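Pasted below: final_2.cif, mmCIF, N, CA and C atoms.
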data_input
#
loop_
_atom_site.label_atom_id
_atom_site.label_comp_id
_atom_site.auth_asym_id
_atom_site.auth_seq_id
_atom_site.Cartn_x
_atom_site.Cartn_y
_atom_site.Cartn_z
N MET Z 5 67.68 94.85 117.07
CA MET Z 5 66.85 94.91 118.26
C MET Z 5 65.48 95.48 117.90
N LYS Z 6 64.44 94.89 118.47
CA LYS Z 6 63.10 95.43 118.27
C LYS Z 6 63.03 96.82 118.86
N LEU Z 7 62.20 97.65 118.26
CA LEU Z 7 62.02 99.01 118.76
C LEU Z 7 61.34 98.93 120.12
N THR Z 8 62.07 99.32 121.15
CA THR Z 8 61.61 99.19 122.53
C THR Z 8 61.30 100.56 123.12
N TRP Z 9 60.17 100.64 123.81
CA TRP Z 9 59.83 101.83 124.58
C TRP Z 9 59.84 101.46 126.04
N ILE Z 10 60.31 102.38 126.86
CA ILE Z 10 60.30 102.23 128.31
C ILE Z 10 59.41 103.34 128.85
N LEU Z 11 58.31 102.95 129.48
CA LEU Z 11 57.38 103.90 130.08
C LEU Z 11 57.68 103.99 131.57
N VAL Z 12 57.96 105.20 132.04
CA VAL Z 12 58.19 105.45 133.46
C VAL Z 12 57.13 106.45 133.88
N ALA Z 13 56.21 106.04 134.77
CA ALA Z 13 55.04 106.87 135.05
C ALA Z 13 54.69 106.90 136.53
N ASP Z 14 54.00 107.98 136.88
CA ASP Z 14 53.35 108.09 138.19
C ASP Z 14 52.03 108.82 137.96
N THR Z 15 51.39 109.26 139.02
CA THR Z 15 50.06 109.85 138.89
C THR Z 15 50.04 111.22 138.21
N THR Z 16 51.21 111.84 138.04
CA THR Z 16 51.23 113.19 137.45
C THR Z 16 52.14 113.32 136.23
N ARG Z 17 52.92 112.29 135.95
CA ARG Z 17 53.87 112.40 134.85
C ARG Z 17 54.15 111.03 134.24
N ALA Z 18 54.32 111.02 132.92
CA ALA Z 18 54.72 109.80 132.21
C ALA Z 18 55.84 110.17 131.24
N ARG Z 19 56.94 109.47 131.36
CA ARG Z 19 58.09 109.71 130.48
C ARG Z 19 58.30 108.45 129.65
N ILE Z 20 58.58 108.65 128.38
CA ILE Z 20 58.81 107.51 127.48
C ILE Z 20 60.23 107.62 126.95
N PHE Z 21 60.93 106.51 127.07
CA PHE Z 21 62.32 106.43 126.64
C PHE Z 21 62.45 105.33 125.60
N THR Z 22 63.54 105.37 124.88
CA THR Z 22 63.92 104.28 123.99
C THR Z 22 65.41 104.06 124.15
N ALA Z 23 65.89 102.95 123.61
CA ALA Z 23 67.33 102.64 123.66
C ALA Z 23 67.71 102.02 122.33
N ASP Z 24 68.89 102.38 121.83
CA ASP Z 24 69.34 101.88 120.54
C ASP Z 24 69.71 100.40 120.57
N THR Z 25 70.33 99.97 121.67
CA THR Z 25 70.73 98.57 121.81
C THR Z 25 70.29 98.08 123.19
N PRO Z 26 70.28 96.78 123.44
CA PRO Z 26 69.84 96.27 124.74
C PRO Z 26 70.63 96.80 125.94
N SER Z 27 71.85 97.28 125.73
CA SER Z 27 72.65 97.77 126.85
C SER Z 27 72.95 99.27 126.78
N SER Z 28 72.36 99.97 125.84
CA SER Z 28 72.69 101.39 125.67
C SER Z 28 71.91 102.28 126.64
N PRO Z 29 72.36 103.54 126.79
CA PRO Z 29 71.65 104.49 127.65
C PRO Z 29 70.26 104.80 127.09
N LEU Z 30 69.41 105.33 127.96
CA LEU Z 30 68.06 105.69 127.55
C LEU Z 30 68.03 107.07 126.91
N GLU Z 31 67.15 107.21 125.94
CA GLU Z 31 66.92 108.51 125.29
C GLU Z 31 65.45 108.85 125.47
N GLU Z 32 65.17 109.98 126.09
CA GLU Z 32 63.78 110.38 126.33
C GLU Z 32 63.16 110.90 125.04
N ILE Z 33 61.99 110.37 124.70
CA ILE Z 33 61.33 110.79 123.46
C ILE Z 33 59.99 111.48 123.72
N GLU Z 34 59.46 111.36 124.93
CA GLU Z 34 58.17 111.98 125.23
C GLU Z 34 58.06 112.21 126.73
N ASP Z 35 57.41 113.31 127.11
CA ASP Z 35 57.16 113.63 128.51
C ASP Z 35 55.73 114.14 128.61
N LEU Z 36 54.85 113.32 129.16
CA LEU Z 36 53.45 113.69 129.31
C LEU Z 36 53.22 114.11 130.76
N SER Z 37 52.53 115.21 130.96
CA SER Z 37 52.25 115.62 132.34
C SER Z 37 50.75 115.71 132.56
N HIS Z 38 50.38 115.56 133.82
CA HIS Z 38 48.98 115.61 134.21
C HIS Z 38 48.89 116.46 135.47
N THR Z 39 48.84 117.77 135.28
CA THR Z 39 48.87 118.68 136.42
C THR Z 39 47.65 118.51 137.32
N GLU Z 40 46.54 118.03 136.78
CA GLU Z 40 45.34 117.83 137.59
C GLU Z 40 45.60 116.83 138.72
N GLY Z 41 46.55 115.91 138.51
CA GLY Z 41 46.87 114.93 139.54
C GLY Z 41 47.56 115.54 140.74
N ARG Z 42 48.07 116.75 140.60
CA ARG Z 42 48.73 117.43 141.72
C ARG Z 42 47.76 118.28 142.54
N LEU Z 43 46.58 118.51 142.01
CA LEU Z 43 45.62 119.38 142.68
C LEU Z 43 44.99 118.70 143.89
N HIS Z 44 44.52 119.50 144.82
CA HIS Z 44 43.75 118.99 145.96
C HIS Z 44 42.31 118.83 145.52
N ASP Z 45 41.56 118.00 146.23
CA ASP Z 45 40.15 117.79 145.90
C ASP Z 45 39.39 119.09 145.75
N ARG Z 46 39.63 120.02 146.67
CA ARG Z 46 38.88 121.29 146.63
C ARG Z 46 39.18 122.10 145.38
N GLU Z 47 40.34 121.85 144.76
CA GLU Z 47 40.70 122.57 143.54
C GLU Z 47 40.14 121.88 142.29
N ILE Z 48 39.83 120.59 142.41
CA ILE Z 48 39.30 119.83 141.28
C ILE Z 48 37.80 120.03 141.16
N THR Z 49 37.11 120.00 142.31
CA THR Z 49 35.66 120.14 142.29
C THR Z 49 35.30 121.61 142.36
N SER Z 50 34.19 121.96 141.77
CA SER Z 50 33.82 123.36 141.70
C SER Z 50 32.97 123.80 142.89
N ASP Z 51 32.48 122.84 143.68
CA ASP Z 51 31.56 123.19 144.74
C ASP Z 51 31.68 122.19 145.88
N LEU Z 52 31.24 122.60 147.04
CA LEU Z 52 31.21 121.70 148.18
C LEU Z 52 30.05 120.73 148.02
N PRO Z 53 30.12 119.57 148.69
CA PRO Z 53 29.00 118.64 148.61
C PRO Z 53 27.74 119.28 149.19
N GLY Z 54 26.59 118.91 148.64
CA GLY Z 54 25.32 119.43 149.14
C GLY Z 54 24.94 118.76 150.44
N LYS Z 55 23.87 119.22 151.03
CA LYS Z 55 23.35 118.67 152.28
C LYS Z 55 22.03 117.97 151.99
N ILE Z 56 21.80 116.91 152.75
CA ILE Z 56 20.55 116.16 152.63
C ILE Z 56 19.84 116.26 153.98
N LYS Z 57 18.61 116.72 153.97
CA LYS Z 57 17.82 116.82 155.20
C LYS Z 57 17.06 115.53 155.40
N SER Z 58 17.04 115.07 156.63
CA SER Z 58 16.27 113.86 156.92
C SER Z 58 14.98 114.24 157.61
N VAL Z 59 14.08 113.29 157.73
CA VAL Z 59 12.75 113.54 158.28
C VAL Z 59 12.83 114.03 159.72
N GLY Z 60 13.75 113.54 160.51
CA GLY Z 60 13.86 113.92 161.92
C GLY Z 60 14.45 115.29 162.15
N GLY Z 61 14.70 116.05 161.13
CA GLY Z 61 15.23 117.39 161.29
C GLY Z 61 16.75 117.46 161.16
N GLY Z 62 17.43 116.33 161.27
CA GLY Z 62 18.89 116.32 161.12
C GLY Z 62 19.26 116.28 159.64
N GLY Z 63 20.51 116.29 159.40
CA GLY Z 63 20.96 116.22 158.01
C GLY Z 63 22.39 115.73 157.95
N HIS Z 64 22.84 115.45 156.77
CA HIS Z 64 24.23 115.05 156.57
C HIS Z 64 24.68 115.48 155.18
N ALA Z 65 25.97 115.55 155.05
CA ALA Z 65 26.53 115.99 153.77
C ALA Z 65 26.40 114.88 152.74
N PHE Z 66 26.09 115.27 151.53
CA PHE Z 66 26.05 114.33 150.42
C PHE Z 66 27.48 114.02 150.02
N GLU Z 67 27.80 112.75 149.89
CA GLU Z 67 29.16 112.36 149.50
C GLU Z 67 29.20 111.99 148.03
N GLN Z 68 30.28 112.39 147.39
CA GLN Z 68 30.44 112.07 145.97
C GLN Z 68 30.70 110.58 145.83
N PRO Z 69 30.16 109.95 144.78
CA PRO Z 69 30.37 108.52 144.59
C PRO Z 69 31.83 108.15 144.29
N THR Z 70 32.58 109.07 143.71
CA THR Z 70 33.99 108.80 143.44
C THR Z 70 34.83 109.96 143.93
N ASP Z 71 36.01 109.65 144.37
CA ASP Z 71 36.97 110.65 144.83
C ASP Z 71 37.48 111.40 143.61
N PRO Z 72 37.38 112.73 143.57
CA PRO Z 72 37.82 113.50 142.40
C PRO Z 72 39.29 113.25 142.04
N LYS Z 73 40.14 113.14 143.04
CA LYS Z 73 41.57 112.92 142.78
C LYS Z 73 41.79 111.56 142.14
N LYS Z 74 41.13 110.53 142.66
CA LYS Z 74 41.24 109.19 142.07
C LYS Z 74 40.71 109.19 140.65
N HIS Z 75 39.65 109.95 140.42
CA HIS Z 75 39.09 110.04 139.08
C HIS Z 75 40.10 110.66 138.11
N GLU Z 76 40.79 111.71 138.53
CA GLU Z 76 41.80 112.35 137.69
C GLU Z 76 42.97 111.40 137.40
N ILE Z 77 43.39 110.66 138.41
CA ILE Z 77 44.48 109.69 138.23
C ILE Z 77 44.07 108.60 137.25
N ASP Z 78 42.83 108.14 137.37
CA ASP Z 78 42.31 107.14 136.45
C ASP Z 78 42.25 107.69 135.03
N ASN Z 79 41.86 108.96 134.89
CA ASN Z 79 41.84 109.60 133.57
C ASN Z 79 43.24 109.62 132.95
N PHE Z 80 44.25 109.90 133.77
CA PHE Z 80 45.62 109.96 133.27
C PHE Z 80 46.08 108.57 132.82
N ALA Z 81 45.76 107.54 133.59
CA ALA Z 81 46.12 106.18 133.19
C ALA Z 81 45.46 105.84 131.85
N HIS Z 82 44.22 106.25 131.69
CA HIS Z 82 43.51 106.01 130.42
C HIS Z 82 44.19 106.78 129.28
N ARG Z 83 44.58 108.02 129.55
CA ARG Z 83 45.25 108.84 128.52
C ARG Z 83 46.57 108.19 128.07
N ILE Z 84 47.33 107.67 129.02
CA ILE Z 84 48.60 107.00 128.70
C ILE Z 84 48.32 105.76 127.85
N ALA Z 85 47.32 104.97 128.24
CA ALA Z 85 46.98 103.77 127.48
C ALA Z 85 46.58 104.12 126.05
N GLN Z 86 45.80 105.19 125.88
CA GLN Z 86 45.41 105.64 124.54
C GLN Z 86 46.63 106.07 123.74
N TYR Z 87 47.53 106.79 124.37
CA TYR Z 87 48.75 107.24 123.70
C TYR Z 87 49.56 106.04 123.22
N LEU Z 88 49.72 105.04 124.08
CA LEU Z 88 50.47 103.84 123.71
C LEU Z 88 49.80 103.09 122.57
N GLU Z 89 48.48 102.99 122.63
CA GLU Z 89 47.76 102.29 121.57
C GLU Z 89 47.93 103.00 120.23
N ASN Z 90 47.80 104.33 120.24
CA ASN Z 90 47.97 105.10 119.00
C ASN Z 90 49.40 104.98 118.47
N ALA Z 91 50.38 105.03 119.36
CA ALA Z 91 51.78 104.92 118.95
C ALA Z 91 52.08 103.54 118.37
N HIS Z 92 51.51 102.52 118.99
CA HIS Z 92 51.73 101.17 118.47
C HIS Z 92 51.08 101.01 117.10
N ASN Z 93 49.89 101.55 116.96
CA ASN Z 93 49.20 101.48 115.66
C ASN Z 93 49.97 102.22 114.58
N ALA Z 94 50.78 103.20 114.96
CA ALA Z 94 51.62 103.94 114.02
C ALA Z 94 53.01 103.28 113.89
N ASN Z 95 53.15 102.08 114.44
CA ASN Z 95 54.40 101.30 114.38
C ASN Z 95 55.59 102.03 115.00
N ARG Z 96 55.35 102.74 116.10
CA ARG Z 96 56.44 103.47 116.75
C ARG Z 96 57.21 102.61 117.75
N PHE Z 97 56.62 101.49 118.22
CA PHE Z 97 57.34 100.57 119.09
C PHE Z 97 56.80 99.15 118.91
N GLU Z 98 57.65 98.18 119.29
CA GLU Z 98 57.27 96.77 119.15
C GLU Z 98 57.23 96.03 120.49
N GLN Z 99 57.90 96.57 121.49
CA GLN Z 99 57.84 95.98 122.83
C GLN Z 99 57.92 97.10 123.86
N LEU Z 100 57.43 96.80 125.08
CA LEU Z 100 57.26 97.83 126.08
C LEU Z 100 57.74 97.35 127.44
N LEU Z 101 58.43 98.24 128.14
CA LEU Z 101 58.82 98.02 129.53
C LEU Z 101 58.12 99.10 130.33
N ILE Z 102 57.56 98.74 131.49
CA ILE Z 102 56.80 99.69 132.29
C ILE Z 102 57.37 99.77 133.70
N VAL Z 103 57.60 101.00 134.16
CA VAL Z 103 58.02 101.25 135.54
C VAL Z 103 57.04 102.27 136.11
N ALA Z 104 56.34 101.88 137.19
CA ALA Z 104 55.37 102.77 137.83
C ALA Z 104 55.15 102.31 139.26
N GLY Z 105 54.67 103.22 140.09
CA GLY Z 105 54.33 102.85 141.46
C GLY Z 105 53.27 101.75 141.46
N PRO Z 106 53.23 100.94 142.51
CA PRO Z 106 52.34 99.77 142.53
C PRO Z 106 50.88 100.08 142.19
N SER Z 107 50.27 101.09 142.81
CA SER Z 107 48.86 101.35 142.54
C SER Z 107 48.64 101.90 141.13
N PHE Z 108 49.55 102.76 140.67
CA PHE Z 108 49.39 103.31 139.33
C PHE Z 108 49.66 102.24 138.27
N LEU Z 109 50.58 101.33 138.56
CA LEU Z 109 50.85 100.22 137.64
C LEU Z 109 49.58 99.38 137.46
N GLY Z 110 48.86 99.16 138.55
CA GLY Z 110 47.60 98.43 138.46
C GLY Z 110 46.57 99.15 137.60
N LEU Z 111 46.48 100.47 137.76
CA LEU Z 111 45.56 101.26 136.92
C LEU Z 111 45.94 101.16 135.45
N LEU Z 112 47.23 101.28 135.17
CA LEU Z 112 47.69 101.17 133.78
C LEU Z 112 47.31 99.83 133.20
N ARG Z 113 47.55 98.76 133.95
CA ARG Z 113 47.19 97.42 133.46
C ARG Z 113 45.71 97.35 133.11
N ASN Z 114 44.88 97.95 133.95
CA ASN Z 114 43.43 97.91 133.70
C ASN Z 114 43.04 98.64 132.42
N HIS Z 115 43.79 99.66 132.06
CA HIS Z 115 43.44 100.47 130.89
C HIS Z 115 44.11 100.01 129.60
N LEU Z 116 45.19 99.26 129.70
CA LEU Z 116 45.89 98.86 128.48
C LEU Z 116 45.06 97.88 127.66
N PRO Z 117 44.95 98.12 126.37
CA PRO Z 117 44.25 97.16 125.50
C PRO Z 117 45.07 95.87 125.42
N GLU Z 118 44.41 94.78 125.11
CA GLU Z 118 45.07 93.47 125.05
C GLU Z 118 46.28 93.48 124.10
N GLN Z 119 46.16 94.16 122.97
CA GLN Z 119 47.28 94.18 122.01
C GLN Z 119 48.53 94.81 122.62
N ILE Z 120 48.36 95.77 123.52
CA ILE Z 120 49.51 96.41 124.17
C ILE Z 120 50.01 95.54 125.31
N LYS Z 121 49.11 94.92 126.07
CA LYS Z 121 49.52 94.03 127.16
C LYS Z 121 50.44 92.92 126.66
N LYS Z 122 50.18 92.45 125.45
CA LYS Z 122 51.00 91.37 124.87
C LYS Z 122 52.42 91.83 124.56
N LEU Z 123 52.63 93.14 124.47
CA LEU Z 123 53.95 93.69 124.12
C LEU Z 123 54.80 93.99 125.36
N VAL Z 124 54.21 93.90 126.55
CA VAL Z 124 54.93 94.22 127.78
C VAL Z 124 55.90 93.09 128.10
N ARG Z 125 57.19 93.44 128.18
CA ARG Z 125 58.25 92.44 128.43
C ARG Z 125 58.84 92.54 129.83
N PHE Z 126 58.55 93.65 130.54
CA PHE Z 126 59.14 93.87 131.85
C PHE Z 126 58.29 94.88 132.59
N GLU Z 127 58.07 94.64 133.89
CA GLU Z 127 57.37 95.60 134.74
C GLU Z 127 58.15 95.76 136.04
N LEU Z 128 58.18 96.97 136.55
CA LEU Z 128 58.82 97.24 137.83
C LEU Z 128 57.92 98.20 138.59
N ASP Z 129 57.58 97.85 139.84
CA ASP Z 129 56.69 98.71 140.62
C ASP Z 129 57.49 99.64 141.53
N LYS Z 130 57.96 100.74 140.91
CA LYS Z 130 58.72 101.78 141.62
C LYS Z 130 58.34 103.13 141.05
N GLU Z 131 58.36 104.14 141.91
CA GLU Z 131 58.11 105.51 141.46
C GLU Z 131 59.44 106.20 141.27
N ILE Z 132 59.86 106.32 140.01
CA ILE Z 132 61.18 106.91 139.72
C ILE Z 132 61.13 107.95 138.60
N THR Z 133 59.96 108.54 138.36
CA THR Z 133 59.84 109.49 137.25
C THR Z 133 60.73 110.72 137.42
N ALA Z 134 61.06 111.09 138.65
CA ALA Z 134 61.85 112.30 138.89
C ALA Z 134 63.35 112.08 138.66
N LEU Z 135 63.77 110.83 138.48
CA LEU Z 135 65.19 110.54 138.30
C LEU Z 135 65.66 110.90 136.89
N SER Z 136 66.96 111.04 136.74
CA SER Z 136 67.55 111.29 135.42
C SER Z 136 67.45 110.00 134.59
N ALA Z 137 67.61 110.13 133.29
CA ALA Z 137 67.57 108.97 132.41
C ALA Z 137 68.62 107.94 132.81
N ALA Z 138 69.81 108.41 133.19
CA ALA Z 138 70.88 107.50 133.60
C ALA Z 138 70.51 106.75 134.88
N ASP Z 139 69.89 107.43 135.83
CA ASP Z 139 69.48 106.78 137.07
C ASP Z 139 68.33 105.80 136.83
N ILE Z 140 67.42 106.16 135.95
CA ILE Z 140 66.32 105.24 135.61
C ILE Z 140 66.90 103.97 134.98
N ARG Z 141 67.89 104.15 134.12
CA ARG Z 141 68.52 102.99 133.45
C ARG Z 141 69.09 102.01 134.47
N GLN Z 142 69.56 102.52 135.61
CA GLN Z 142 70.12 101.66 136.66
C GLN Z 142 69.08 100.71 137.27
N HIS Z 143 67.80 101.08 137.18
CA HIS Z 143 66.72 100.25 137.73
C HIS Z 143 66.24 99.18 136.74
N LEU Z 144 66.70 99.25 135.52
CA LEU Z 144 66.28 98.29 134.49
C LEU Z 144 67.31 97.17 134.38
N PRO Z 145 66.93 96.06 133.75
CA PRO Z 145 67.91 94.99 133.56
C PRO Z 145 69.13 95.49 132.79
N GLN Z 146 70.28 94.88 133.04
CA GLN Z 146 71.50 95.30 132.35
C GLN Z 146 71.32 95.23 130.84
N TYR Z 147 70.67 94.17 130.38
CA TYR Z 147 70.35 94.02 128.96
C TYR Z 147 68.84 94.04 128.80
N LEU Z 148 68.33 95.00 128.07
CA LEU Z 148 66.91 95.08 127.85
C LEU Z 148 66.45 93.88 127.03
N PRO Z 149 65.20 93.45 127.22
CA PRO Z 149 64.69 92.31 126.44
C PRO Z 149 64.78 92.58 124.94
N ASN Z 150 65.07 91.56 124.20
CA ASN Z 150 65.13 91.65 122.75
C ASN Z 150 64.45 90.42 122.18
N LEU Z 151 63.15 90.36 122.36
CA LEU Z 151 62.38 89.17 121.96
C LEU Z 151 61.76 89.34 120.60
#
How would this structure read if it were set down as structure tokens?
Amino acid sequence: MKLTWILVADTTRARIFTADTPSSPLEEIEDLSHTEGRLHDREITSDLPGKIKSVGGGGHAFEQPTDPKKHEIDNFAHRIAQYLENAHNANRFEQLLIVAGPSFLGLLRNHLPEQIKKLVRFELDKEITALSAADIRQHLPQYLPNL
């Protein structure tokens, strides 16, 4: 069987598993966390937005061009993609299965390099990072791909 990695991720955690055979239990080999994804906007930014005065004497708050929380989540997706690229370059896996919530799965797809996208054999849009390895295995095909 090709060396298979199973990535199970959400906005604050990414767990990587492998399996010895297409039907064997999962073995966790890596657990990446992103505590910044759990913070509130006020905890991520160091200051409140500034005020802009208009000619008529009124004013309004300056809004940030990007949401700090979304920015942190995007950073985590990029970090995971970099990790996968480095691991693949070190020949640590040959095919990849991805399980992530729908919006985070989309972010991951955007950040994955083409060489890694070609290795993806299965995707599932579910948030199951908090489950045990045995419960996660229940969400995967009975026989993992062996292409």
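By only N, CA and C atoms, and with residues fewer than 6 positions from Gln86 (chain Z) along its chain excluded, the set lying at most 8 Å from it is Phe80, His92, His115, Leu116 and Pro117 of chain Z.
Distance-wise, CA of Asn90 (chain Z) and CA of Ser27 (chain Z) end up 26.9 Å apart.
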Task: Polymer residues at most 5 Å from Arg17 (chain Z), all atoms listed in the file, same-chain spacing of 6 or more positions, as a ChimeraX atom specification - done: /Z:36-38
Task: Target residues per the PyMOL selection byres ((chain Z and resi 126-130) around 7), formatted as a count of residues only - done: 15
Open item on the list: Please compute the atom N of Thr8 (chain Z)-atom C of Glu34 (chain Z) distance, one decimal, in Å.
Closed with: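 Those two atoms sit 14.6 Å apart.
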- [ ] Could you give me, as a list in words, the residues that sit within 10 Å of (76.2, 110.3, 132.1) in the file's coordinates, counting only C-alpha atoms?
- [x]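 Residues with an atom at most 10 Å from (76.2, 110.3, 132.1): Pro29, Ser136, Ala137, Ala138 and Asp139 of chain Z.
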Task: Separation of atom N of His82 (chain Z) from atom N of Ile33 (chain Z), in Å and rounded to one decimal - done: 19.5 Å
TODO: Check the smallest atom-to-atom distance from each of Z:Asn114, Z:Thr16, Z:Asn150, Z:Thr25 to Ala134 (chain Z) using only C-alpha atoms, then report the winner.
DONE: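 For Ala134 (chain Z), the nearest of the candidates is Z:Thr16.
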Determine which residues of region 85-116 of chain Z DSSP labels as alpha helix (DSSP H) from the backbone of this structure, then write them out as a short mmCIF file (atom, residue, chain, number, x, y, z; two decimals) with N, CA and C atoms, keeping the file's coordinate frame.
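Listed below is the output, part_21.cif:
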data_model
loop_
_atom_site.label_atom_id
_atom_site.label_comp_id
_atom_site.auth_asym_id
_atom_site.auth_seq_id
_atom_site.Cartn_x
_atom_site.Cartn_y
_atom_site.Cartn_z
N ALA Z 85 47.32 104.97 128.24
CA ALA Z 85 46.98 103.77 127.48
C ALA Z 85 46.58 104.12 126.05
N GLN Z 86 45.80 105.19 125.88
CA GLN Z 86 45.41 105.64 124.54
C GLN Z 86 46.63 106.07 123.74
N TYR Z 87 47.53 106.79 124.37
CA TYR Z 87 48.75 107.24 123.70
C TYR Z 87 49.56 106.04 123.22
N LEU Z 88 49.72 105.04 124.08
CA LEU Z 88 50.47 103.84 123.71
C LEU Z 88 49.80 103.09 122.57
N GLU Z 89 48.48 102.99 122.63
CA GLU Z 89 47.76 102.29 121.57
C GLU Z 89 47.93 103.00 120.23
N ASN Z 90 47.80 104.33 120.24
CA ASN Z 90 47.97 105.10 119.00
C ASN Z 90 49.40 104.98 118.47
N ALA Z 91 50.38 105.03 119.36
CA ALA Z 91 51.78 104.92 118.95
C ALA Z 91 52.08 103.54 118.37
N HIS Z 92 51.51 102.52 118.99
CA HIS Z 92 51.73 101.17 118.47
C HIS Z 92 51.08 101.01 117.10
N ASN Z 93 49.89 101.55 116.96
CA ASN Z 93 49.20 101.48 115.66
C ASN Z 93 49.97 102.22 114.58
N PRO Z 106 53.23 100.94 142.51
CA PRO Z 106 52.34 99.77 142.53
C PRO Z 106 50.88 100.08 142.19
N SER Z 107 50.27 101.09 142.81
CA SER Z 107 48.86 101.35 142.54
C SER Z 107 48.64 101.90 141.13
N PHE Z 108 49.55 102.76 140.67
CA PHE Z 108 49.39 103.31 139.33
C PHE Z 108 49.66 102.24 138.27
N LEU Z 109 50.58 101.33 138.56
CA LEU Z 109 50.85 100.22 137.64
C LEU Z 109 49.58 99.38 137.46
N GLY Z 110 48.86 99.16 138.55
CA GLY Z 110 47.60 98.43 138.46
C GLY Z 110 46.57 99.15 137.60
N LEU Z 111 46.48 100.47 137.76
CA LEU Z 111 45.56 101.26 136.92
C LEU Z 111 45.94 101.16 135.45
N LEU Z 112 47.23 101.28 135.17
CA LEU Z 112 47.69 101.17 133.78
C LEU Z 112 47.31 99.83 133.20
N ARG Z 113 47.55 98.76 133.95
CA ARG Z 113 47.19 97.42 133.46
C ARG Z 113 45.71 97.35 133.11
N ASN Z 114 44.88 97.95 133.95
CA ASN Z 114 43.43 97.91 133.70
C ASN Z 114 43.04 98.64 132.42
N HIS Z 115 43.79 99.66 132.06
CA HIS Z 115 43.44 100.47 130.89
C HIS Z 115 44.11 100.01 129.60
#
